[in-house]
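> Dropping a structure here in structure tokens format, bear with me for questions.
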Amino acid sequence: MKLDKNFLWGGSIAAHQLEGAYNEDEKGLSVMDTVTGGTYETPRTITTEIQPDVFYPSHEGIDFYHRYKEDIALFAGMGFKALRISIDWTRIYPNGDDEKPNEKGIAFYHSLLDELIKHDIEPIVTLFHFELPVGILKKYNSWLNRETIDLYLRFVETVVSEYKGKVKRWVTFNEMNHLDPTTDVSALFTYMLAGVEYSKIKNKEQDLAVIGYNMTLASVKAVKLIHDLDIESQVGCVFGLTPSYPKSCKPEDVMLSFKDTIRDFYQIDAMTYGKFPKYKLHEYERMGVHLEVSKEDEQAFKEGIIDFIGLNYYMSQVSCATVADDEQASLFGGIVNPYLEKSDWGWTVDPKGLRYLLNFMYRKYQKPIIICENGLGAVDEVGEDGIVHDDYRIDYLNKHLTQLKKAVVEDGVECFGYLMWGPIDLVSATTGEMKKRYGFIYVDKHDDGTGDLSRTPKDSYYWYKKTIAENGENL
Ligand code: BG6
């Protein structure tokens, strides 16, 4: 058995990480426009306003806003079948609650979509990839307020009515699952995802539960809305998942690994089984968190079942009931697996974890799955010949794709596409760096502000092109 001839090979990008032009053509401020640059060692700072003489990586990005035609031609040169983009809410509704949509923002995405279609690249559109308008944060208190759900639905309605016919597959949210108060990146993710300043939350458990609930409800309502607007549409939601292995066969470790792995699954359960899970309400009750599921909400959960699941996979982690002092914490909880290699940013490299996760998800939900993000953030050196020889990236992708193919061919998982994260170098979400590069295409831009923004294919560009041309036969 081979991969299906319609397998969607491609890549995945997000507006705030590459478009730049943050205040052009009447775009409003989004939360990520107010987050400074950082590094692996120094966290990004949330300023909520634009401060003078501070560096904000999203403001220029890689200037995709003005160079998308050149970039899309390069993606087409690799034979991309699909590109996942996000539509920045603040280009369409600059403050989130404006009376009318911004025509210039609408025109930009028409042109971007037309360019993709011209090259036979299917656009897969994410409607929320950390691009909440600052206006909604200031006036409505973000996702803590149910009015934000209505504003989001209005944005979705505008966008889907406008681009219907050009877009078939929609994604309601990117990684709404990262709202856990116990991990190292909680503060950044709570702001990126939900537009809420972590340090200012008085009752973390209650508020994060409400945000998670409101976003889940917004997603199911958006699914119904999109289906109603376009009967041909396919709607999914994307989750960033990190499987957790038990450190030992001690029952305590095994139980913890199960809980860590499925920690964020309540939202997927709600979106696939058509009801907000009782076990989550029970958990909340025990924590003293109060959540009301109204009759109207119950109906919304029933009507908003997703058509496919999008998965972002970067690493696995280890669960250990008793953590020793010298054990290194993993990004989303648990500890780092000592049997695995790590990237320059300390993310474990675990290709088999992808096969494990694909099987786990497919057996649990039996829904089509698309890998919406996977890739290696690395320090790239330009060789004397002016080219980045990134054999380490080829090795990473080759190993992950081999495991994906096994999941499909040997295990029967219905996975219909692979969208590599960051096919062109762009701004890192967690650190704000350019130095953390994922791309097949090198962008001459550096964290000190130097670089002429020129684009040059790396060795991996030609490897991916061949892999696509052979539909993965070489894996
Ligand atoms: C995912 C996000 O969680 O991870 C992307 O959806 C992000 O936006 C990607 O860029 C990789 O993370 P980072 O921090 O290396 O850019």
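In the structure tokens, each chain is lettered A, B, ... as it comes, each chain's residues begin at 1, and ligands are numbered from 1 in order of appearance.
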Within 12 Å of Asp207 in chain A, counting only C-alpha atoms, which residues qualify if same-chain residues fewer than 3 places away don't, as a list of chain:residue names?

A:Asn141, A:Ser142, A:Trp143, A:Leu144, A:Asn145, A:Leu179, A:Asp180, A:Pro181, A:Thr190, A:Ala194, A:Val196, A:Glu197, A:Tyr198, A:Lys200, A:Ile201, A:Lys202, A:Asn203, A:Lys204, A:Val210, A:Ile211, A:Gly212, A:Tyr213, A:Asn214, A:Tyr284, A:Gly288, A:Val289, A:His290, A:Leu291

> As a list in words, please: every residue in range 72-178 of chain A that a backbone DSSP assignment puts in strand (DSSP E).

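Answer for range 72-178 of chain A restricted to strand (DSSP E) is Ala82, Leu83, Arg84, Ile85, Ser86, Glu122, Pro123, Ile124, Val125, Thr126, Arg169, Trp170, Val171, Thr172, Phe173 and Asn174 of chain A.
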
> Of the candidates A:Lys138, A:His16, A:Lys280, A:Lys81, which one gets nearest to ligand 1 if we count only C-alpha atoms and all ligand atoms?

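That would be A:His16, the residue with the smallest distance to ligand 1.
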
> Which polymer residues have any atom within 8 Å of an atom of range 224-234 of chain A, counting only C-alpha atoms, with same-chain residues fewer than 6 positions away left out, as a CSV table (one decimal) with C-alpha atoms, in the first residue's frame?


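Saved result, out25.csv, follows:
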chain,number,residue,atom,x,y,z
A,153,LEU,CA,-18.6,34.2,15.0
A,156,VAL,CA,-16.0,33.8,10.8
A,157,GLU,CA,-19.2,34.7,9.0
A,160,VAL,CA,-16.4,32.4,5.1
A,161,SER,CA,-19.1,34.3,3.1
A,164,LYS,CA,-16.4,30.5,0.0
A,167,VAL,CA,-11.5,27.6,0.5
A,168,LYS,CA,-12.9,24.2,1.2
A,169,ARG,CA,-11.2,23.2,4.5
A,170,TRP,CA,-11.4,25.5,7.5
A,303,GLU,CA,-24.6,20.5,16.1
A,304,GLY,CA,-21.0,21.4,15.9
A,305,ILE,CA,-19.1,18.2,15.3
A,306,ILE,CA,-15.8,18.6,13.4
A,307,ASP,CA,-15.1,16.8,10.1
A,308,PHE,CA,-11.4,16.2,10.7

> Using only C-alpha atoms, which protein or nucleic acid residues come within 12 Å of Glu296 in chain A? Drop anything in the same chain fewer than 5 positions from it, and give the result as a VMD selection string.

chain A and resid 217 221 275 301 to 303

> Which residues are near ligand 1 - at most 9 Å, using only C-alpha atoms and all ligand atoms? Format: as an MDAnalysis selection string.

chainID A and resid 12:14 16:17 129:130 174:175 178 238:240 312:314 345 372:377 421:422 426:433 436:438

> Keeping only N, CA and C atoms, write the selected residues as a compact mmCIF listing (two decimals), in the first residue's frame.


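Just written: selection.txt:
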# COMPACT_ATOMS: atom_id res chain seq x y z
N SER A 12 2.70 24.83 6.58
CA SER A 12 1.79 25.54 7.46
C SER A 12 2.46 26.81 7.97
N ILE A 13 1.73 27.91 7.92
CA ILE A 13 2.27 29.20 8.40
C ILE A 13 1.18 29.93 9.20
N ALA A 14 1.56 30.96 9.92
CA ALA A 14 0.55 31.76 10.65
C ALA A 14 0.85 33.23 10.41
N HIS A 16 0.70 36.11 12.00
CA HIS A 16 1.49 36.98 12.89
C HIS A 16 2.96 36.61 12.91
N GLN A 17 3.31 35.44 12.40
CA GLN A 17 4.71 35.02 12.44
C GLN A 17 5.47 35.34 11.15
N HIS A 129 -5.24 31.91 14.96
CA HIS A 129 -3.91 31.38 15.29
C HIS A 129 -3.19 32.46 16.12
N PHE A 130 -3.65 32.65 17.33
CA PHE A 130 -3.05 33.61 18.29
C PHE A 130 -3.19 35.06 17.79
N ASN A 174 -6.30 27.24 16.35
CA ASN A 174 -5.03 26.55 16.50
C ASN A 174 -4.71 26.37 17.98
N GLU A 175 -4.54 25.13 18.38
CA GLU A 175 -4.00 24.77 19.70
C GLU A 175 -4.69 25.44 20.88
N HIS A 178 -3.64 24.50 24.82
CA HIS A 178 -2.53 24.84 25.72
C HIS A 178 -2.92 25.85 26.79
N VAL A 238 -7.46 22.36 15.22
CA VAL A 238 -6.09 21.86 15.34
C VAL A 238 -5.65 21.84 16.81
N PHE A 239 -5.06 20.74 17.21
CA PHE A 239 -4.57 20.60 18.58
C PHE A 239 -3.07 20.31 18.58
N GLY A 240 -2.39 20.90 19.55
CA GLY A 240 -0.96 20.64 19.70
C GLY A 240 -0.81 19.58 20.78
N ASN A 312 -0.81 19.02 15.61
CA ASN A 312 0.54 19.58 15.59
C ASN A 312 1.38 18.72 16.51
N TYR A 313 2.44 18.16 15.97
CA TYR A 313 3.28 17.27 16.77
C TYR A 313 4.74 17.68 16.68
N TYR A 314 5.34 17.94 17.81
CA TYR A 314 6.76 18.30 17.84
C TYR A 314 7.59 17.35 18.71
N TRP A 345 16.79 23.76 20.86
CA TRP A 345 15.92 24.43 21.83
C TRP A 345 15.39 23.46 22.89
N CYS A 372 -0.93 19.06 10.87
CA CYS A 372 -0.94 20.49 10.52
C CYS A 372 0.36 21.19 10.88
N GLU A 373 1.17 20.57 11.72
CA GLU A 373 2.48 21.13 12.03
C GLU A 373 3.40 20.02 12.49
N ASN A 374 4.64 20.08 12.04
CA ASN A 374 5.72 19.21 12.50
C ASN A 374 6.97 19.76 11.82
N GLY A 375 8.06 19.83 12.56
CA GLY A 375 9.27 20.36 11.94
C GLY A 375 10.35 20.57 12.97
N LEU A 376 11.51 20.95 12.50
CA LEU A 376 12.68 21.11 13.37
C LEU A 376 13.14 22.55 13.40
N GLY A 377 13.11 23.16 14.57
CA GLY A 377 13.67 24.50 14.75
C GLY A 377 15.16 24.35 15.02
N TRP A 421 5.67 22.47 9.42
CA TRP A 421 5.61 23.81 10.02
C TRP A 421 6.77 24.68 9.52
N GLY A 422 6.38 25.85 9.10
CA GLY A 422 7.37 26.86 8.78
C GLY A 422 8.17 26.52 7.54
N LEU A 426 10.55 31.76 9.63
CA LEU A 426 9.65 32.79 10.16
C LEU A 426 9.91 32.98 11.65
N VAL A 427 9.16 33.86 12.26
CA VAL A 427 9.39 34.20 13.68
C VAL A 427 8.91 33.05 14.57
N SER A 428 9.73 32.65 15.52
CA SER A 428 9.32 31.60 16.45
C SER A 428 8.24 32.13 17.39
N ALA A 429 7.22 31.32 17.62
CA ALA A 429 6.13 31.78 18.50
C ALA A 429 6.57 31.83 19.96
N THR A 430 7.28 30.80 20.41
CA THR A 430 7.59 30.78 21.84
C THR A 430 8.76 31.70 22.21
N THR A 431 9.73 31.86 21.32
CA THR A 431 10.88 32.69 21.69
C THR A 431 10.96 34.01 20.92
N GLY A 432 10.21 34.15 19.85
CA GLY A 432 10.24 35.39 19.07
C GLY A 432 11.48 35.53 18.21
N GLU A 433 12.25 34.46 18.10
CA GLU A 433 13.52 34.55 17.35
C GLU A 433 13.36 34.20 15.87
N LYS A 436 15.72 30.61 15.37
CA LYS A 436 15.12 29.27 15.41
C LYS A 436 14.42 29.05 14.07
N ARG A 437 15.14 28.41 13.16
CA ARG A 437 14.65 28.34 11.78
C ARG A 437 14.07 26.96 11.47
N TYR A 438 12.95 26.95 10.78
CA TYR A 438 12.29 25.69 10.41
C TYR A 438 12.32 25.44 8.91

> Could you please determine the separation between CA of Lys367 in chain A and CA of Ala222 in chain A in Å, to one decimal place?

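Taking CA of Lys367 in chain A and CA of Ala222 in chain A, their separation equals 18.6 Å.
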
> I need the residue nearest His389 in chain A from this list: A:Arg84, A:Lys458, A:Lys465, A:His66. Use only C-alpha atoms for the distance.

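Among the listed residues, A:Lys458 lies closest to His389 in chain A.
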
> Counting only C-alpha atoms, which residues of range 429-472 of chain A sit at most 12 Å from some atom of range 56-63 of chain A, and what is each one's closest atom pair with its distance in Å to one decimal, listed by chain and rising residue number, as a tab-separated table?


residue	atom	partner	partner_atom	distance
A:Ala429	CA	A:Ser58	CA	9.7
A:Thr430	CA	A:Pro57	CA	11.6
A:Thr431	CA	A:Pro57	CA	10.0
A:Gly432	CA	A:Pro57	CA	6.2
A:Glu433	CA	A:Pro57	CA	7.6
A:Met434	CA	A:Pro57	CA	8.5
A:Lys435	CA	A:Pro57	CA	11.8
A:Ile441	CA	A:Ile62	CA	11.7
A:Tyr442	CA	A:Ile62	CA	10.7
A:Val443	CA	A:Ile62	CA	7.4
A:Asp444	CA	A:Ile62	CA	8.9
A:Lys445	CA	A:Ile62	CA	7.4
A:His446	CA	A:Ile62	CA	10.1
A:Asp447	CA	A:Pro57	CA	8.4
A:Asp448	CA	A:Pro57	CA	10.7
A:Gly449	CA	A:Pro57	CA	9.5
A:Thr450	CA	A:Ile62	CA	12.0
A:Gly451	CA	A:Ile62	CA	10.3
A:Asp452	CA	A:Ile62	CA	10.0
A:Leu453	CA	A:Ile62	CA	6.7
A:Ser454	CA	A:Ile62	CA	9.4
A:Arg455	CA	A:Ile62	CA	9.8

> Write a file of the selected residues as a tab-separated table (two decimals), in the first residue's frame, keeping N, CA and C atoms.


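The resulting out15.tsv:
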chain	number	residue	atom	x	y	z
A	429	ALA	N	7.22	31.32	17.62
A	429	ALA	CA	6.13	31.78	18.50
A	429	ALA	C	6.57	31.83	19.96
A	430	THR	N	7.28	30.80	20.41
A	430	THR	CA	7.59	30.78	21.84
A	430	THR	C	8.76	31.70	22.21
A	431	THR	N	9.73	31.86	21.32
A	431	THR	CA	10.88	32.69	21.69
A	431	THR	C	10.96	34.01	20.92
A	432	GLY	N	10.21	34.15	19.85
A	432	GLY	CA	10.24	35.39	19.07
A	432	GLY	C	11.48	35.53	18.21
A	433	GLU	N	12.25	34.46	18.10
A	433	GLU	CA	13.52	34.55	17.35
A	433	GLU	C	13.36	34.20	15.87
A	434	MET	N	14.27	34.74	15.06
A	434	MET	CA	14.45	34.28	13.69
A	434	MET	C	15.49	33.16	13.68
A	435	LYS	N	16.34	33.19	14.70
A	435	LYS	CA	17.44	32.23	14.78
A	435	LYS	C	16.91	30.77	14.82
A	441	ILE	N	13.19	27.15	3.06
A	441	ILE	CA	13.67	28.35	2.37
A	441	ILE	C	14.29	29.27	3.41
A	442	TYR	N	15.54	29.63	3.19
A	442	TYR	CA	16.25	30.51	4.12
A	442	TYR	C	15.84	31.95	3.86
A	443	VAL	N	15.58	32.68	4.95
A	443	VAL	CA	15.28	34.11	4.81
A	443	VAL	C	16.40	34.89	5.48
A	444	ASP	N	16.98	35.81	4.75
A	444	ASP	CA	18.09	36.59	5.29
A	444	ASP	C	17.55	37.68	6.21
A	445	LYS	N	17.25	37.26	7.42
A	445	LYS	CA	16.81	38.21	8.43
A	445	LYS	C	17.31	37.70	9.78
A	446	HIS	N	17.81	38.62	10.60
A	446	HIS	CA	18.45	38.20	11.85
A	446	HIS	C	17.86	38.98	13.02
A	447	ASP	N	18.09	38.43	14.21
A	447	ASP	CA	17.47	39.03	15.39
A	447	ASP	C	18.02	40.40	15.75
A	448	ASP	N	19.19	40.73	15.20
A	448	ASP	CA	19.73	42.08	15.47
A	448	ASP	C	19.21	43.09	14.44
A	449	GLY	N	18.28	42.65	13.60
A	449	GLY	CA	17.68	43.58	12.64
A	449	GLY	C	18.37	43.61	11.29
A	450	THR	N	19.50	42.91	11.15
A	450	THR	CA	20.20	42.92	9.86
A	450	THR	C	19.57	41.90	8.91
A	451	GLY	N	20.00	41.97	7.64
A	451	GLY	CA	19.51	41.03	6.63
A	451	GLY	C	18.69	41.75	5.58
A	452	ASP	N	18.76	41.22	4.33
A	452	ASP	CA	18.05	41.90	3.25
A	452	ASP	C	16.75	41.21	2.87
A	453	LEU	N	16.34	40.24	3.68
A	453	LEU	CA	15.07	39.52	3.50
A	453	LEU	C	15.03	38.66	2.24
A	454	SER	N	16.17	38.44	1.62
A	454	SER	CA	16.16	37.61	0.41
A	454	SER	C	15.87	36.15	0.79
A	455	ARG	N	15.34	35.42	-0.16
A	455	ARG	CA	14.95	34.03	0.06
A	455	ARG	C	15.86	33.09	-0.73

> Name the closest residue to Val171 in chain A among the candidates A:Phe155, A:Phe276, A:Phe55, A:Phe128; distances are taken between atoms, counting only C-alpha atoms.

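Distance minimum relative to Val171 in chain A lands on A:Phe128.
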
> Identify, on the basis of only C-alpha atoms, every residue whose closest approach to Met315 in chain A does not exceed 6 Å; exclude the query and any residue fewer than 5 positions from it along the same chain; express the result as a PyMOL selection string.

chain A and resi 242+348-350
